[in-house]
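The file query.cif comes next; it holds mmCIF, C-alpha atoms.
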```cif
data_entry
#
loop_
_atom_site.label_atom_id
_atom_site.label_comp_id
_atom_site.auth_asym_id
_atom_site.auth_seq_id
_atom_site.Cartn_x
_atom_site.Cartn_y
_atom_site.Cartn_z
CA MET P 942 7.69 23.12 -38.98
CA ILE P 943 6.10 20.87 -36.35
CA ARG P 944 6.86 17.21 -36.99
CA VAL P 945 3.98 14.93 -35.94
CA CYS P 946 4.00 11.24 -35.03
CA PHE P 947 0.42 10.00 -35.33
CA ALA P 948 -0.58 6.89 -33.38
CA GLY P 949 -3.70 5.27 -34.77
CA VAL P 950 -3.25 6.02 -38.49
CA THR P 951 -5.75 3.31 -39.47
CA GLY P 952 -8.38 4.46 -36.98
CA TRP P 953 -11.75 6.08 -37.62
CA THR P 954 -10.60 9.53 -36.47
CA ALA P 955 -7.38 9.62 -38.47
CA PRO P 956 -8.33 10.55 -42.10
CA PRO P 957 -9.49 14.17 -41.67
CA ILE P 958 -6.76 14.97 -39.14
CA LEU P 959 -4.05 13.49 -41.36
CA ALA P 960 -5.46 15.47 -44.29
CA GLY P 961 -5.35 18.60 -42.15
CA ILE P 962 -1.70 17.95 -41.32
CA ALA P 963 -0.93 17.41 -45.02
CA HIS P 964 -2.54 20.71 -46.02
CA ALA P 965 -0.99 22.80 -43.21
CA ALA P 966 2.09 24.84 -44.06
CA ASP P 967 3.48 24.49 -40.53
CA LEU P 968 2.83 20.78 -39.92
CA GLU P 969 4.45 17.60 -41.27
CA LEU P 970 3.58 13.93 -40.78
CA ALA P 971 6.90 12.51 -39.62
CA SER P 972 5.75 8.98 -38.74
CA GLY P 973 2.72 6.84 -38.09
CA VAL P 974 1.86 4.01 -35.74
CA SER P 975 -0.58 1.14 -36.19
CA ARG P 976 -0.22 -2.42 -34.98
CA SER P 977 -2.40 -3.77 -37.77
CA ALA P 978 -0.54 -1.92 -40.56
CA ALA P 979 3.01 -2.14 -39.20
CA GLY P 980 5.60 -2.49 -41.96
CA ARG P 981 3.42 -1.12 -44.76
CA PRO P 982 4.43 2.19 -46.44
CA LEU P 983 3.06 5.11 -44.44
CA ALA P 984 2.06 7.03 -47.58
CA GLU P 985 0.07 4.04 -48.84
CA VAL P 986 -1.80 3.62 -45.57
CA THR P 987 -2.57 7.30 -44.94
CA GLY P 988 -2.77 8.82 -48.40
CA VAL P 989 -0.46 11.55 -47.13
CA ARG P 990 2.94 12.23 -48.68
CA SER P 991 5.40 10.75 -46.19
CA GLU P 992 8.39 8.47 -46.09
CA GLY P 993 9.12 5.19 -44.37
CA PRO P 994 6.90 2.42 -43.03
CA VAL P 995 4.14 2.41 -40.46
CA HIS P 996 5.61 1.47 -37.08
CA GLY P 997 4.16 -1.03 -34.64
CA THR P 998 4.80 1.02 -31.50
CA VAL P 999 5.31 4.64 -30.57
CA ALA P 1000 8.70 3.87 -29.02
CA GLU P 1001 9.82 2.32 -32.31
CA ALA P 1002 8.53 5.26 -34.35
CA LEU P 1003 10.21 7.90 -32.20
CA ALA P 1004 13.49 5.98 -32.22
CA ALA P 1005 13.41 5.81 -36.02
CA VAL P 1006 12.21 9.32 -36.92
CA PRO P 1007 12.49 12.53 -34.83
CA ALA P 1008 9.15 14.11 -33.92
CA ASP P 1009 8.03 17.15 -31.97
CA VAL P 1010 4.49 16.03 -31.07
CA LEU P 1011 2.77 12.67 -30.67
CA VAL P 1012 -0.94 12.63 -31.47
CA ASP P 1013 -2.64 9.58 -29.96
CA TYR P 1014 -5.98 8.38 -31.32
CA THR P 1015 -5.69 4.70 -30.46
CA SER P 1016 -7.61 2.90 -27.71
CA ALA P 1017 -7.98 2.69 -23.96
CA ALA P 1018 -5.77 -0.40 -24.03
CA ALA P 1019 -2.88 1.25 -25.89
CA VAL P 1020 -2.93 4.90 -24.92
CA ARG P 1021 -0.99 4.68 -21.66
CA ASP P 1022 2.04 2.91 -23.15
CA ASN P 1023 2.05 5.28 -26.12
CA VAL P 1024 1.86 8.48 -24.11
CA TRP P 1025 4.41 7.45 -21.49
CA ALA P 1026 6.86 6.40 -24.22
CA ALA P 1027 6.57 9.80 -25.90
CA VAL P 1028 6.95 11.81 -22.71
CA ASP P 1029 9.93 9.69 -21.68
CA ALA P 1030 11.47 10.56 -25.04
CA GLY P 1031 10.92 14.30 -24.47
CA VAL P 1032 8.12 14.57 -27.06
CA HIS P 1033 5.02 16.72 -26.52
CA VAL P 1034 1.72 14.81 -26.59
CA VAL P 1035 -1.84 15.45 -27.72
CA VAL P 1036 -4.13 12.75 -26.28
CA GLY P 1037 -7.41 12.08 -28.08
CA SER P 1038 -7.90 8.55 -26.73
CA SER P 1039 -10.05 7.75 -23.70
CA GLY P 1040 -9.11 5.39 -20.89
CA LEU P 1041 -6.79 7.43 -18.66
CA THR P 1042 -8.04 8.32 -15.17
CA ALA P 1043 -7.44 11.41 -13.05
CA GLU P 1044 -4.78 9.44 -11.18
CA ASP P 1045 -3.09 8.58 -14.48
CA TYR P 1046 -3.04 12.23 -15.48
CA ALA P 1047 -1.60 13.29 -12.14
CA GLU P 1048 1.23 10.77 -12.63
CA LEU P 1049 1.66 11.91 -16.25
CA ASP P 1050 1.77 15.55 -15.18
CA ALA P 1051 4.67 14.85 -12.83
CA LEU P 1052 6.54 12.95 -15.55
CA ALA P 1053 5.90 15.64 -18.16
CA ARG P 1054 7.20 18.35 -15.83
CA ALA P 1055 10.29 16.28 -15.09
CA ARG P 1056 10.92 15.89 -18.84
CA GLY P 1057 10.04 19.51 -19.65
CA VAL P 1058 7.29 18.68 -22.15
CA GLY P 1059 3.66 19.60 -22.60
CA VAL P 1060 0.57 17.39 -22.79
CA ILE P 1061 -2.91 18.41 -23.91
CA ALA P 1062 -5.52 15.72 -23.28
CA ALA P 1063 -9.17 16.01 -24.24
CA GLY P 1064 -11.95 13.51 -24.09
CA ASN P 1065 -13.32 15.35 -27.10
CA PHE P 1066 -11.50 17.80 -29.39
CA SER P 1067 -14.74 19.19 -30.80
CA VAL P 1068 -15.12 22.93 -30.25
CA MET P 1069 -18.82 22.40 -29.49
CA ALA P 1070 -17.98 19.80 -26.84
CA ALA P 1071 -15.55 22.28 -25.29
CA LEU P 1072 -18.31 24.88 -25.19
CA LEU P 1073 -20.60 22.35 -23.47
CA ALA P 1074 -17.96 21.85 -20.77
CA ARG P 1075 -17.52 25.60 -20.41
CA ALA P 1076 -21.26 26.12 -19.99
CA ALA P 1077 -21.44 23.27 -17.47
CA GLU P 1078 -18.65 24.84 -15.41
CA LEU P 1079 -20.60 28.09 -15.26
CA ALA P 1080 -23.77 26.25 -14.25
CA ALA P 1081 -21.98 24.26 -11.52
CA GLU P 1082 -20.87 27.49 -9.89
CA HIS P 1083 -24.52 28.37 -9.25
CA LEU P 1084 -26.45 25.08 -9.12
CA ASP P 1085 -26.27 22.33 -6.51
CA HIS P 1086 -27.54 19.15 -8.19
CA TRP P 1087 -26.39 17.48 -11.41
CA GLU P 1088 -25.76 14.11 -13.02
CA ILE P 1089 -24.01 13.12 -16.24
CA ILE P 1090 -25.25 10.68 -18.88
CA ASP P 1091 -22.79 9.22 -21.38
CA TYR P 1092 -24.15 7.61 -24.57
CA ALA P 1093 -22.06 5.53 -26.98
CA SER P 1094 -22.30 2.54 -29.28
CA ALA P 1095 -22.78 -0.97 -27.96
CA ALA P 1096 -19.26 -1.85 -29.05
CA LYS P 1097 -17.46 0.83 -27.01
CA PRO P 1098 -15.59 -1.11 -24.30
CA ASP P 1099 -14.51 1.69 -21.95
CA VAL P 1100 -16.86 3.39 -19.49
CA PRO P 1101 -17.44 6.20 -19.04
CA SER P 1102 -16.31 7.88 -22.24
CA GLY P 1103 -13.32 10.20 -22.04
CA THR P 1104 -15.65 13.14 -22.65
CA ALA P 1105 -17.92 12.26 -19.72
CA ARG P 1106 -15.03 11.45 -17.40
CA GLU P 1107 -13.29 14.71 -18.22
CA LEU P 1108 -16.51 16.66 -17.67
CA ALA P 1109 -17.07 15.03 -14.29
CA GLU P 1110 -13.51 15.74 -13.20
CA THR P 1111 -13.79 19.33 -14.38
CA LEU P 1112 -17.00 19.89 -12.41
CA GLY P 1113 -15.45 18.12 -9.42
CA GLY P 1114 -12.78 20.81 -9.41
CA ILE P 1115 -15.53 23.35 -8.78
CA ARG P 1116 -17.48 21.43 -6.15
CA ALA P 1117 -19.29 18.17 -5.54
CA PRO P 1118 -23.01 18.08 -6.29
CA GLU P 1119 -25.44 17.56 -3.45
CA GLN P 1120 -27.08 14.13 -3.15
CA GLY P 1121 -30.81 13.74 -2.60
CA VAL P 1122 -30.66 10.37 -0.81
CA PRO P 1123 -27.27 9.20 0.48
CA LEU P 1124 -26.09 6.01 -1.21
CA ALA P 1125 -26.05 4.14 2.11
CA GLU P 1126 -29.78 4.83 2.51
CA LEU P 1127 -30.87 3.56 -0.92
CA HIS P 1128 -33.24 0.61 -1.27
CA GLY P 1129 -31.96 -1.54 -4.13
CA PRO P 1130 -28.66 -1.95 -5.97
CA VAL P 1131 -26.44 1.11 -5.59
CA GLU P 1132 -25.16 0.57 -9.15
CA ALA P 1133 -28.46 1.94 -10.40
CA ARG P 1134 -27.27 5.38 -9.28
CA GLY P 1135 -24.31 5.29 -11.66
CA ALA P 1136 -20.59 5.49 -11.02
CA ASP P 1137 -18.95 8.07 -8.80
CA VAL P 1138 -16.49 10.06 -10.91
CA ALA P 1139 -14.96 12.98 -8.99
CA GLY P 1140 -18.16 13.28 -6.98
CA SER P 1141 -20.61 13.26 -9.91
CA ARG P 1142 -22.92 10.36 -10.67
CA VAL P 1143 -22.18 9.21 -14.22
CA HIS P 1144 -24.42 6.82 -16.18
CA SER P 1145 -23.03 5.08 -19.29
CA VAL P 1146 -25.55 3.93 -21.91
CA ARG P 1147 -24.15 1.53 -24.53
CA LEU P 1148 -26.61 0.75 -27.33
CA PRO P 1149 -26.64 0.34 -31.10
CA SER P 1150 -27.43 3.54 -33.06
CA PHE P 1151 -25.50 5.83 -30.71
CA LEU P 1152 -22.18 7.38 -31.73
CA LEU P 1153 -21.15 9.59 -28.82
CA SER P 1154 -23.34 11.92 -26.80
CA THR P 1155 -22.68 13.59 -23.47
CA GLU P 1156 -25.44 15.10 -21.37
CA VAL P 1157 -25.30 16.89 -18.04
CA VAL P 1158 -28.59 17.53 -16.26
CA PHE P 1159 -28.84 20.20 -13.55
CA GLY P 1160 -31.90 19.98 -11.32
CA GLY P 1161 -33.45 22.59 -9.07
CA ASP P 1162 -36.76 23.17 -7.31
CA GLY P 1163 -39.38 23.33 -10.05
CA GLU P 1164 -36.91 23.60 -12.94
CA ARG P 1165 -34.25 21.72 -14.85
CA LEU P 1166 -31.35 22.66 -17.14
CA THR P 1167 -30.02 20.11 -19.68
CA LEU P 1168 -26.80 20.61 -21.63
CA ARG P 1169 -25.99 18.06 -24.32
CA HIS P 1170 -23.49 17.49 -27.11
CA ASP P 1171 -24.16 14.96 -29.88
CA ALA P 1172 -21.37 13.80 -32.16
CA GLY P 1173 -22.20 13.30 -35.82
CA PRO P 1174 -21.36 10.36 -38.08
CA THR P 1175 -17.92 11.65 -39.16
CA PRO P 1176 -14.74 12.58 -37.26
CA ASP P 1177 -14.52 15.97 -39.00
CA PRO P 1178 -15.46 18.00 -35.86
CA TYR P 1179 -12.28 16.84 -34.11
CA THR P 1180 -9.85 18.10 -36.75
CA ALA P 1181 -9.64 21.81 -35.95
CA GLY P 1182 -9.32 21.24 -32.21
CA THR P 1183 -6.66 18.57 -32.61
CA LEU P 1184 -4.54 20.70 -34.93
CA LEU P 1185 -4.89 23.67 -32.59
CA ALA P 1186 -3.64 21.48 -29.73
CA VAL P 1187 -0.68 20.28 -31.84
CA ARG P 1188 0.31 23.89 -32.45
CA ARG P 1189 -0.14 24.98 -28.82
CA VAL P 1190 1.00 21.95 -26.80
CA GLY P 1191 4.58 23.17 -26.51
CA GLU P 1192 3.58 26.45 -24.89
CA ALA P 1193 3.34 25.04 -21.36
CA VAL P 1194 5.03 22.24 -19.44
CA GLY P 1195 2.83 19.60 -17.81
CA VAL P 1196 -0.67 18.32 -18.47
CA ARG P 1197 -3.57 20.51 -19.57
CA ARG P 1198 -7.00 18.87 -19.62
CA GLY P 1199 -9.64 19.66 -22.18
CA LEU P 1200 -9.68 21.72 -25.35
CA GLY P 1201 -11.03 24.54 -23.20
CA SER P 1202 -7.56 24.86 -21.64
CA VAL P 1203 -6.43 26.11 -25.05
CA LEU P 1204 -9.57 27.93 -26.20
CA PHE P 1205 -10.16 29.78 -22.95
CA GLY P 1206 -6.74 29.65 -21.33
CA ASP P 1207 -7.96 28.65 -17.88
CA GLY P 1208 -8.69 24.91 -18.04
CA PRO P 1209 -7.73 22.57 -15.17
CA SER P 1210 -4.28 21.07 -14.98
CA GLY P 1211 -3.85 17.33 -14.70
CA GLY P 1212 -1.73 17.88 -11.62
CA SER P 1213 -4.41 19.73 -9.68
#
```

What does this structure look like when you write it as C-alpha coordinates?
Amino acid sequence: MIRVCFAGVTGWTAPPILAGIAHAADLELASGVSRSAAGRPLAEVTGVRSEGPVHGTVAEALAAVPADVLVDYTSAAAVRDNVWAAVDAGVHVVVGSSGLTAEDYAELDALARARGVGVIAAGNFSVMAALLARAAELAAEHLDHWEIIDYASAAKPDVPSGTARELAETLGGIRAPEQGVPLAELHGPVEARGADVAGSRVHSVRLPSFLLSTEVVFGGDGERLTLRHDAGPTPDPYTAGTLLAVRRVGEAVGVRRGLGSVLFGDGPSGGS
(Lines of atoms letter the chains of each structure in order from A and count residues from 1; the text may use other names and numbers.)
(Lines give C-alpha, C1' and ligand atoms only; values in the text may rest on other atoms or scores of the structure.)
Protein backbone atom coordinates (compact mmCIF):
# COMPACT_ATOMS: atom_id res chain seq x y z
CA MET A 1 0.00 0.00 0.00
CA ILE A 2 1.37 3.40 -1.03
CA ARG A 3 0.35 6.13 1.41
CA VAL A 4 -0.19 9.48 -0.32
CA CYS A 5 -0.07 13.00 1.10
CA PHE A 6 -1.91 15.26 -1.35
CA ALA A 7 -1.10 18.98 -1.32
CA GLY A 8 -3.83 21.05 -2.94
CA VAL A 9 -6.90 19.00 -1.95
CA THR A 10 -9.23 21.93 -2.65
CA GLY A 11 -7.71 22.68 -6.05
CA TRP A 12 -9.21 22.25 -9.51
CA THR A 13 -7.07 19.20 -10.34
CA ALA A 14 -7.69 17.32 -7.10
CA PRO A 15 -11.16 15.64 -7.42
CA PRO A 16 -10.48 13.03 -10.13
CA ILE A 17 -7.03 12.20 -8.77
CA LEU A 18 -8.34 11.80 -5.23
CA ALA A 19 -11.14 9.60 -6.59
CA GLY A 20 -8.54 7.53 -8.41
CA ILE A 21 -6.58 7.08 -5.20
CA ALA A 22 -9.77 6.06 -3.37
CA HIS A 23 -10.62 3.41 -5.97
CA ALA A 24 -7.10 1.96 -6.26
CA ALA A 25 -6.34 -1.20 -4.31
CA ASP A 26 -2.68 -0.22 -3.85
CA LEU A 27 -3.09 3.46 -2.90
CA GLU A 28 -4.35 5.22 0.23
CA LEU A 29 -4.94 8.90 0.99
CA ALA A 30 -2.94 9.35 4.19
CA SER A 31 -3.25 13.13 4.54
CA GLY A 32 -4.19 16.29 2.72
CA VAL A 33 -2.91 19.85 2.65
CA SER A 34 -4.78 23.08 1.93
CA ARG A 35 -4.24 26.47 3.52
CA SER A 36 -7.84 27.50 2.94
CA ALA A 37 -9.34 24.30 4.43
CA ALA A 38 -6.85 23.69 7.24
CA GLY A 39 -8.48 22.16 10.31
CA ARG A 40 -11.55 20.81 8.53
CA PRO A 41 -12.07 17.00 8.36
CA LEU A 42 -10.17 15.59 5.38
CA ALA A 43 -13.02 13.23 4.46
CA GLU A 44 -15.49 16.13 4.39
CA VAL A 45 -13.28 18.25 2.14
CA THR A 46 -12.27 15.50 -0.31
CA GLY A 47 -15.20 13.11 -0.28
CA VAL A 48 -12.66 10.31 0.17
CA ARG A 49 -12.69 8.01 3.18
CA SER A 50 -9.81 9.25 5.33
CA GLU A 51 -9.07 10.22 8.89
CA GLY A 52 -7.88 13.40 10.54
CA PRO A 53 -8.01 17.05 9.52
CA VAL A 54 -6.69 18.89 6.51
CA HIS A 55 -3.26 20.31 7.34
CA GLY A 56 -2.06 23.81 6.59
CA THR A 57 1.44 22.83 5.44
CA VAL A 58 3.18 19.79 4.03
CA ALA A 59 5.67 19.78 6.91
CA GLU A 60 2.79 19.64 9.39
CA ALA A 61 1.04 16.86 7.48
CA LEU A 62 4.13 14.66 7.21
CA ALA A 63 4.93 15.17 10.89
CA ALA A 64 1.41 14.09 11.86
CA VAL A 65 0.84 11.15 9.50
CA PRO A 66 3.46 8.93 7.78
CA ALA A 67 3.38 9.04 3.98
CA ASP A 68 5.34 7.41 1.18
CA VAL A 69 4.64 9.95 -1.59
CA LEU A 70 3.72 13.64 -1.69
CA VAL A 71 1.62 14.72 -4.66
CA ASP A 72 1.78 18.49 -5.14
CA TYR A 73 -0.91 20.27 -7.15
CA THR A 74 -0.75 23.67 -5.48
CA SER A 75 0.71 26.84 -7.02
CA ALA A 76 3.93 28.39 -8.19
CA ALA A 77 4.08 30.29 -4.90
CA ALA A 78 3.77 27.21 -2.68
CA VAL A 79 5.35 24.34 -4.59
CA ARG A 80 8.98 24.93 -3.64
CA ASP A 81 8.39 24.92 0.13
CA ASN A 82 6.16 21.85 -0.17
CA VAL A 83 8.53 19.78 -2.25
CA TRP A 84 11.65 20.65 -0.27
CA ALA A 85 9.86 19.79 2.99
CA ALA A 86 8.89 16.37 1.65
CA VAL A 87 12.33 15.53 0.29
CA ASP A 88 13.94 16.67 3.54
CA ALA A 89 11.61 14.25 5.32
CA GLY A 90 12.66 11.37 3.04
CA VAL A 91 9.34 11.26 1.17
CA HIS A 92 9.11 10.66 -2.58
CA VAL A 93 7.46 13.48 -4.56
CA VAL A 94 5.26 13.81 -7.63
CA VAL A 95 5.20 17.46 -8.76
CA GLY A 96 2.24 18.61 -10.83
CA SER A 97 2.59 22.32 -10.03
CA SER A 98 4.40 24.79 -12.28
CA GLY A 99 6.84 27.44 -11.13
CA LEU A 100 10.12 25.57 -10.61
CA THR A 101 13.01 26.39 -12.95
CA ALA A 102 15.76 24.17 -14.34
CA GLU A 103 18.05 25.57 -11.64
CA ASP A 104 15.50 24.63 -8.98
CA TYR A 105 15.33 21.10 -10.31
CA ALA A 106 19.10 20.76 -10.37
CA GLU A 107 19.19 21.79 -6.70
CA LEU A 108 16.28 19.46 -5.93
CA ASP A 109 18.00 16.58 -7.72
CA ALA A 110 21.07 16.95 -5.50
CA LEU A 111 18.91 17.05 -2.36
CA ALA A 112 16.82 14.05 -3.45
CA ARG A 113 19.95 12.00 -4.12
CA ALA A 114 21.35 12.95 -0.73
CA ARG A 115 18.10 11.84 0.93
CA GLY A 116 17.74 8.71 -1.24
CA VAL A 117 14.30 9.59 -2.60
CA GLY A 118 12.73 9.92 -6.02
CA VAL A 119 11.00 12.89 -7.65
CA ILE A 120 8.91 12.86 -10.82
CA ALA A 121 8.00 16.34 -12.03
CA ALA A 122 5.85 17.06 -15.05
CA GLY A 123 4.48 20.29 -16.38
CA ASN A 124 1.59 18.17 -17.61
CA PHE A 125 0.66 14.63 -16.56
CA SER A 126 -1.54 14.09 -19.61
CA VAL A 127 -0.45 11.14 -21.73
CA MET A 128 -1.22 13.17 -24.87
CA ALA A 129 1.00 16.02 -23.66
CA ALA A 130 3.78 13.50 -23.06
CA LEU A 131 3.37 12.24 -26.61
CA LEU A 132 3.59 15.83 -27.89
CA ALA A 133 6.92 16.23 -26.08
CA ARG A 134 8.14 12.91 -27.46
CA ALA A 135 7.26 13.91 -31.01
CA ALA A 136 8.93 17.31 -30.53
CA GLU A 137 12.13 15.62 -29.34
CA LEU A 138 12.18 13.52 -32.50
CA ALA A 139 11.58 16.59 -34.67
CA ALA A 140 14.33 18.59 -32.92
CA GLU A 141 16.85 15.92 -33.82
CA HIS A 142 16.28 16.65 -37.51
CA LEU A 143 15.04 20.26 -37.74
CA ASP A 144 16.95 23.46 -37.02
CA HIS A 145 14.33 26.14 -36.28
CA TRP A 146 11.50 26.13 -33.74
CA GLU A 147 9.61 28.32 -31.30
CA ILE A 148 7.12 27.50 -28.55
CA ILE A 149 3.79 29.20 -27.87
CA ASP A 150 2.13 28.79 -24.48
CA TYR A 151 -1.58 29.62 -24.13
CA ALA A 152 -3.41 29.90 -20.80
CA SER A 153 -6.18 31.84 -19.11
CA ALA A 154 -5.84 35.52 -18.30
CA ALA A 155 -5.71 34.68 -14.60
CA LYS A 156 -2.67 32.37 -14.75
CA PRO A 157 0.10 34.30 -12.97
CA ASP A 158 3.18 32.24 -13.87
CA VAL A 159 4.89 32.40 -17.26
CA PRO A 160 5.63 30.30 -19.13
CA SER A 161 3.47 27.37 -18.10
CA GLY A 162 5.19 24.35 -16.60
CA THR A 163 4.36 22.40 -19.76
CA ALA A 164 6.02 24.94 -22.06
CA ARG A 165 9.04 25.40 -19.79
CA GLU A 166 9.56 21.65 -19.53
CA LEU A 167 9.26 21.27 -23.31
CA ALA A 168 11.82 24.02 -23.92
CA GLU A 169 14.25 22.49 -21.44
CA THR A 170 13.77 19.06 -22.98
CA LEU A 171 14.50 20.36 -26.48
CA GLY A 172 17.44 22.34 -25.12
CA GLY A 173 18.95 19.05 -24.02
CA ILE A 174 19.02 18.01 -27.66
CA ARG A 175 20.31 21.25 -29.16
CA ALA A 176 19.57 24.94 -29.42
CA PRO A 177 17.51 26.09 -32.39
CA GLU A 178 19.10 28.35 -34.96
CA GLN A 179 18.10 32.03 -34.93
CA GLY A 180 17.17 33.88 -38.10
CA VAL A 181 18.19 37.36 -36.93
CA PRO A 182 20.38 37.61 -33.81
CA LEU A 183 18.65 39.42 -30.96
CA ALA A 184 21.32 42.14 -30.93
CA GLU A 185 20.45 43.00 -34.55
CA LEU A 186 16.69 43.36 -34.06
CA HIS A 187 14.92 46.66 -34.70
CA GLY A 188 12.37 47.14 -31.93
CA PRO A 189 11.82 45.73 -28.44
CA VAL A 190 13.58 42.39 -27.99
CA GLU A 191 10.71 41.23 -25.75
CA ALA A 192 8.63 40.79 -28.89
CA ARG A 193 10.75 37.72 -29.66
CA GLY A 194 9.65 35.97 -26.49
CA ALA A 195 11.64 34.69 -23.53
CA ASP A 196 14.76 32.59 -23.82
CA VAL A 197 14.13 29.27 -22.06
CA ALA A 198 17.00 26.81 -22.52
CA GLY A 199 17.73 28.34 -25.91
CA SER A 200 14.16 28.26 -27.27
CA ARG A 201 12.05 31.37 -27.79
CA VAL A 202 8.87 30.94 -25.74
CA HIS A 203 5.80 33.18 -26.12
CA SER A 204 3.14 33.18 -23.38
CA VAL A 205 -0.39 34.21 -24.37
CA ARG A 206 -2.73 34.95 -21.44
CA LEU A 207 -6.34 35.58 -22.51
CA PRO A 208 -9.86 34.71 -21.41
CA SER A 209 -11.30 31.54 -23.01
CA PHE A 210 -8.01 29.63 -22.96
CA LEU A 211 -7.42 26.75 -20.53
CA LEU A 212 -3.96 25.42 -21.36
CA SER A 213 -2.47 24.82 -24.79
CA THR A 214 1.12 24.22 -25.80
CA GLU A 215 2.32 24.57 -29.36
CA VAL A 216 5.75 24.07 -30.87
CA VAL A 217 6.29 25.26 -34.44
CA PHE A 218 9.18 23.91 -36.52
CA GLY A 219 10.05 25.92 -39.61
CA GLY A 220 12.04 24.94 -42.67
CA ASP A 221 12.54 26.18 -46.22
CA GLY A 222 9.12 26.07 -47.85
CA GLU A 223 7.44 23.99 -45.13
CA ARG A 224 6.32 24.07 -41.52
CA LEU A 225 5.48 21.46 -38.86
CA THR A 226 3.16 22.38 -35.95
CA LEU A 227 2.66 20.16 -32.91
CA ARG A 228 0.01 21.21 -30.42
CA HIS A 229 -1.72 19.90 -27.31
CA ASP A 230 -4.98 21.44 -26.07
CA ALA A 231 -6.26 20.71 -22.58
CA GLY A 232 -9.99 20.23 -22.15
CA PRO A 233 -12.31 21.76 -19.55
CA THR A 234 -11.78 19.05 -16.90
CA PRO A 235 -8.71 17.74 -15.05
CA ASP A 236 -9.55 14.12 -15.93
CA PRO A 237 -6.64 13.72 -18.43
CA TYR A 238 -4.11 14.19 -15.62
CA THR A 239 -5.37 11.35 -13.43
CA ALA A 240 -3.85 8.29 -15.09
CA GLY A 241 -0.44 9.91 -15.50
CA THR A 242 -0.35 11.18 -11.93
CA LEU A 243 -1.27 7.79 -10.46
CA LEU A 244 1.31 6.09 -12.67
CA ALA A 245 3.94 8.51 -11.35
CA VAL A 246 2.87 7.81 -7.74
CA ARG A 247 3.39 4.10 -8.33
CA ARG A 248 6.74 4.51 -10.11
CA VAL A 249 8.40 7.42 -8.30
CA GLY A 250 10.21 5.18 -5.83
CA GLU A 251 11.96 3.20 -8.56
CA ALA A 252 14.81 5.68 -9.02
CA VAL A 253 16.64 8.16 -6.81
CA GLY A 254 16.80 11.80 -7.94
CA VAL A 255 14.66 13.94 -10.22
CA ARG A 256 13.03 12.69 -13.40
CA ARG A 257 11.40 15.33 -15.62
CA GLY A 258 8.26 14.72 -17.60
CA LEU A 259 5.77 11.89 -17.75
CA GLY A 260 7.78 10.61 -20.70
CA SER A 261 10.53 9.61 -18.25
CA VAL A 262 8.08 6.99 -16.97
CA LEU A 263 6.24 6.13 -20.19
CA PHE A 264 9.34 5.81 -22.34
CA GLY A 265 12.04 5.24 -19.74
CA ASP A 266 14.54 7.69 -21.22
CA GLY A 267 13.40 11.16 -20.15
CA PRO A 268 15.90 13.81 -19.00
CA SER A 269 17.05 13.97 -15.41
CA GLY A 270 16.73 17.18 -13.46
CA GLY A 271 20.42 16.96 -12.66
CA SER A 272 21.56 16.94 -16.26

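Once the PyMOL selection byres ((chain P and resi 1167) around 9) is applied to the shown structure, the selection contains P:Glu1156, P:Val1157, P:Val1158, P:Phe1159, P:Gly1160, P:Arg1165, P:Leu1166, P:Leu1168, P:Arg1169.
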
Exercise. Which is closest to Val1032 (chain P) among P:Leu1011, P:Ala1076, P:Ala1018, P:Ala1004, if we use only C-alpha atoms?
Worked result: P:Leu1011

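Considering all atoms listed in the file, the residue among P:Thr1111, P:Glu1126, P:Val1024, P:Gly1064 positioned nearest to Glu1082 (chain P) is P:Thr1111.
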
Exercise. Which residues come within 10 Å of Tyr1092 (chain P), counting all atoms listed in the file, excluding same-chain residues fewer than 4 positions away, as a PyMOL selection string?
Worked result: chain P and resi 1097+1100-1102+1105+1144-1148+1150-1156+1171

For this session: Would you kindly return, as a ChimeraX atom specification, each protein, DNA or RNA residue with an atom no farther than 7 Å from any atom of Gly1059 (chain P), considering all atoms listed in the file and excluding same-chain residues fewer than 6 positions away?
Result: /P:1033-1034,1053,1190-1191,1193-1196

For this session: Evaluate the PyMOL selection byres ((chain P and resi 985-988) around 12) here and jot the selected residues down as a ChimeraX atom specification.
Result: /P:947-963,970,972-975,977-984,989-996

Exercise. In terms of the shortest atom-to-atom distance over only C-alpha atoms, which of P:Gly1173, P:Gly1140, P:Gly997, P:Gly1182 is closest to Leu1108 (chain P)?
Worked result: P:Gly1140

Decode the PyMOL selection byres ((chain P and resi 1049) around 10) for the given file into explicit residues and return them as a PDB file with C-alpha atoms, in the coordinates of the input.
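part-v4.pdb written:
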```pdb
ATOM      1  CA  ARG P1021      -0.990   4.680 -21.660  1.00  0.00           C
ATOM      2  CA  VAL P1024       1.860   8.480 -24.110  1.00  0.00           C
ATOM      3  CA  TRP P1025       4.410   7.450 -21.490  1.00  0.00           C
ATOM      4  CA  VAL P1028       6.950  11.810 -22.710  1.00  0.00           C
ATOM      5  CA  LEU P1041      -6.790   7.430 -18.660  1.00  0.00           C
ATOM      6  CA  ALA P1043      -7.440  11.410 -13.050  1.00  0.00           C
ATOM      7  CA  GLU P1044      -4.780   9.440 -11.180  1.00  0.00           C
ATOM      8  CA  ASP P1045      -3.090   8.580 -14.480  1.00  0.00           C
ATOM      9  CA  TYR P1046      -3.040  12.230 -15.480  1.00  0.00           C
ATOM     10  CA  ALA P1047      -1.600  13.290 -12.140  1.00  0.00           C
ATOM     11  CA  GLU P1048       1.230  10.770 -12.630  1.00  0.00           C
ATOM     12  CA  ASP P1050       1.770  15.550 -15.180  1.00  0.00           C
ATOM     13  CA  ALA P1051       4.670  14.850 -12.830  1.00  0.00           C
ATOM     14  CA  LEU P1052       6.540  12.950 -15.550  1.00  0.00           C
ATOM     15  CA  ALA P1053       5.900  15.640 -18.160  1.00  0.00           C
ATOM     16  CA  ARG P1054       7.200  18.350 -15.830  1.00  0.00           C
ATOM     17  CA  ALA P1055      10.290  16.280 -15.090  1.00  0.00           C
ATOM     18  CA  VAL P1060       0.570  17.390 -22.790  1.00  0.00           C
ATOM     19  CA  GLY P1195       2.830  19.600 -17.810  1.00  0.00           C
ATOM     20  CA  VAL P1196      -0.670  18.320 -18.470  1.00  0.00           C
ATOM     21  CA  GLY P1211      -3.850  17.330 -14.700  1.00  0.00           C
ATOM     22  CA  GLY P1212      -1.730  17.880 -11.620  1.00  0.00           C
TER      23      GLY P1212
END
```
